[in-house]
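The structure appears below as structure tokens.
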Amino acid sequence: MSEESTNKKTFQERIDNGETIEPKDDMPDRYRQQLIRMMSQHAHSEVVGMLPEGNWITRAPSLRRKMILLSKVQDEAGHGLYLYSATETLGASRKEVINQLLEGKAKYSSIFNYPTLSWADVAVIGWLVDGAAIINQTMLARSSYGPYSRAMVRICKEESFHKKQGYEMVAQMADGTSEQQEMIQDAVDRWWWPTLMMFGPHDEDSPNSEELIKWGVKSKTNDELRQSFVDRHVQEAHTVGLEIPDPDLEYNEETGHWEFGEIDWDEFWNVVKGNGPMNKQRMKARREAHENGEWVREAAEEYARKQKLSKEKAS
Amino acid sequence: MSNDKKSENKDTQWPLWEVFTQPRDGKPHQHAGSLHAPDAEKALENARDVYARRKEAVNLWVVPSEEIVASKGEDAGPFFDPADDKPYRHPQFYDVPRSTKRRS
């Protein structure tokens, strides 16, 4: 047995024993690469995710809603930062991973390529999109890679605020004027299917899942996660009197699960490949934010340099 | 390498800092994560904004990451081995008269 394969075996044994892998531990190159891919993609999603909602900060219907939305968008920036930092522990540089996004080489969650057409979309994003994120992230909080799982624990705590404020708003609008009711139902109709797509392709079409489960990065498959999302959210929709836009939706008494219709996978792959309704705008906004923020970074650096100089003079 | 200014990411890649938060008075500082900042002052401010938005801390430490010296993960066993040879460091090692043991 070659030395390399001996190492791999020990690594798999550690994973199977439920041990946590830390940055300086030996790990197969493929584990490192898969994590860098997955974690930086996750970080990009948090940061790009600020765009559809940030769009509505100036138009929030009340000061309370404005404060909530500001905090939520700030949280997303924080989540991006936790995840970029955790990715760096694997030896990827911040500059490198951000460049991959800006050059269009790295992916981010396809959900953020849909437009936010009304204020009700802000409510539904909180409820459905953050609801989906929690299900995914609760699982990742048990991931085999220490820094990833610790970042997830922190993120999940904040994400539950995001979901709850969204569901509160959904409930209020569903209980509001007929115009508000129509707005919120329309938003649910537009976001339901894209949210189901957030969990990724069917298990049999998901090239990375098996490997990620073997390595303890994930502990549930895309389809399992999607099912638990559907079960929870159908219940929540019915509680506030909203319809799920799926004629095939049916409760199975035997399994205790909601069975749902087929996802439009052509649309999914199309959006993933960059042809979603908002892909180009999102990337343009993200690139502009980076370029327009350059003076802030330069100013901070210059300020630090001057502070250091004046301290040296004083001593 | 492209010279086109627009396509070049002129990120400054400031030094990396490790952030430690003290959750409550009297508790030890705990590692929370890391961040980039041009100097210690800015690192503290960024750490407050990122790692202490929900009263997670009453005090913060920021330490330049490169200043941290750590033992190696792979020789965790041998490195800490001497602890096994010195059972007399633990109170369980000592026998005392039974009658004194459980006095309440």
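Following the order of the structure tokens, first chain is A, next is B, and so on, with residues numbered from 1 inside each chain and ligands from 1 in the order they appear.
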Could you give me, as a list of chain:residue names, the residues within 12 Å of His238 (chain A), counting only C-alpha atoms and dropping anything in the same chain fewer than 4 positions from it?
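Once the nearby chain positions are removed, what remains is A:Val170, A:Ala171, A:Ala174, A:Gln185, A:Val230, A:Asp231, A:Arg232, A:His233, A:Val234, A:Leu242, A:Glu243, A:Ile244.
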Would you mind listing, as a ChimeraX atom specification, all residues of chain B that have at least one atom within 6 Å of chain A, where only C-alpha atoms are what counts?
/B:34,38-39,50,73
Kindly save the residues from that selection, with all heavy atoms included, as a short mmCIF file (atom, residue, chain, number, x, y, z; two decimals), in the first residue's frame.
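Output contents, as saved in out20.cif:
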data_model
loop_
_atom_site.label_atom_id
_atom_site.label_comp_id
_atom_site.auth_asym_id
_atom_site.auth_seq_id
_atom_site.Cartn_x
_atom_site.Cartn_y
_atom_site.Cartn_z
N SER B 34 -12.14 34.71 11.74
CA SER B 34 -11.06 35.61 11.36
C SER B 34 -11.58 36.67 10.41
O SER B 34 -12.73 36.61 9.95
CB SER B 34 -9.93 34.81 10.72
OG SER B 34 -10.43 34.02 9.66
N PRO B 38 -6.68 46.41 7.87
CA PRO B 38 -5.37 47.05 7.66
C PRO B 38 -4.59 47.25 8.95
O PRO B 38 -3.37 47.28 8.93
CB PRO B 38 -5.73 48.39 7.02
CG PRO B 38 -7.15 48.65 7.39
CD PRO B 38 -7.79 47.31 7.54
N ASP B 39 -5.29 47.42 10.08
CA ASP B 39 -4.56 47.55 11.35
C ASP B 39 -5.44 47.05 12.50
O ASP B 39 -6.60 46.69 12.31
CB ASP B 39 -4.08 48.99 11.59
CG ASP B 39 -5.23 49.97 11.75
OD1 ASP B 39 -6.40 49.53 11.74
OD2 ASP B 39 -4.97 51.18 11.89
N VAL B 50 -18.88 42.16 12.87
CA VAL B 50 -19.15 40.85 12.27
C VAL B 50 -19.45 39.78 13.32
O VAL B 50 -20.36 38.98 13.13
CB VAL B 50 -17.96 40.41 11.39
CG1 VAL B 50 -18.21 39.01 10.83
CG2 VAL B 50 -17.75 41.39 10.26
N GLY B 73 -1.42 19.29 14.47
CA GLY B 73 -2.55 18.38 14.64
C GLY B 73 -2.13 16.92 14.60
O GLY B 73 -2.56 16.12 15.43
#
With only C-alpha atoms as the counted atoms, please give the residues lying no more than 6 Å from region 13-29 of chain B, apart from itself and same-chain residues fewer than 3 positions off, as a PyMOL selection string.
chain B and resi 32-38+56-65
Selection export as a PDB file, in the first residue's frame, atoms kept: C-alpha atoms:
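The resulting selection29.pdb:
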ATOM      1  CA  ALA B  32     -14.851  33.175  16.838  1.00  0.00           C
ATOM      2  CA  GLY B  33     -13.328  33.376  13.366  1.00  0.00           C
ATOM      3  CA  SER B  34     -11.064  35.608  11.359  1.00  0.00           C
ATOM      4  CA  LEU B  35     -11.125  38.697   9.187  1.00  0.00           C
ATOM      5  CA  HIS B  36      -8.926  40.978   7.110  1.00  0.00           C
ATOM      6  CA  ALA B  37      -8.097  44.491   8.313  1.00  0.00           C
ATOM      7  CA  PRO B  38      -5.373  47.051   7.658  1.00  0.00           C
ATOM      8  CA  GLU B  56     -21.968  37.624  21.769  1.00  0.00           C
ATOM      9  CA  ALA B  57     -19.172  39.398  23.594  1.00  0.00           C
ATOM     10  CA  VAL B  58     -18.278  41.712  26.438  1.00  0.00           C
ATOM     11  CA  ASN B  59     -14.679  41.862  25.268  1.00  0.00           C
ATOM     12  CA  LEU B  60     -12.774  41.166  22.058  1.00  0.00           C
ATOM     13  CA  TRP B  61      -9.231  40.153  21.219  1.00  0.00           C
ATOM     14  CA  VAL B  62      -7.778  40.443  17.753  1.00  0.00           C
ATOM     15  CA  VAL B  63      -4.454  38.754  17.033  1.00  0.00           C
ATOM     16  CA  PRO B  64      -2.499  38.813  13.772  1.00  0.00           C
ATOM     17  CA  SER B  65      -2.968  35.276  12.420  1.00  0.00           C
TER      18      SER B  65
END
When DSSP is applied to the backbone of this structure, which of region 76-297 of chain A are assigned alpha helix (DSSP H)? Write them out as a ChimeraX atom specification.
/A:76-88,94-102,119-124,130-140,146-174,178-197,209-214,222-239,265-270,279-292,294-297
Residues near Tyr114 (chain A), cut-off 12 Å, only C-alpha atoms, skip fewer than 3 positions along chain, as a count of residues only
32
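The interatomic distance for the pair CA of Gly200 (chain A) and CA of Ala289 (chain A) works out to 28.0 Å.
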Interatomic distance, CA of Asn136 (chain A) to CA of Ser160 (chain A) (Å, one decimal):
12.5 Å
Step one, run DSSP on the backbone; step two, keep only residues of chain B assigned to strand (DSSP E or B); then write them as a list in words.
Leu16, Trp17, Glu18, Val19, Phe20, Thr21, Gln22, Gln30, His31, Ala32, Gly33, Ser34, Leu35, His36, Asn59, Leu60, Trp61, Val62, Val63 and Pro64 of chain B
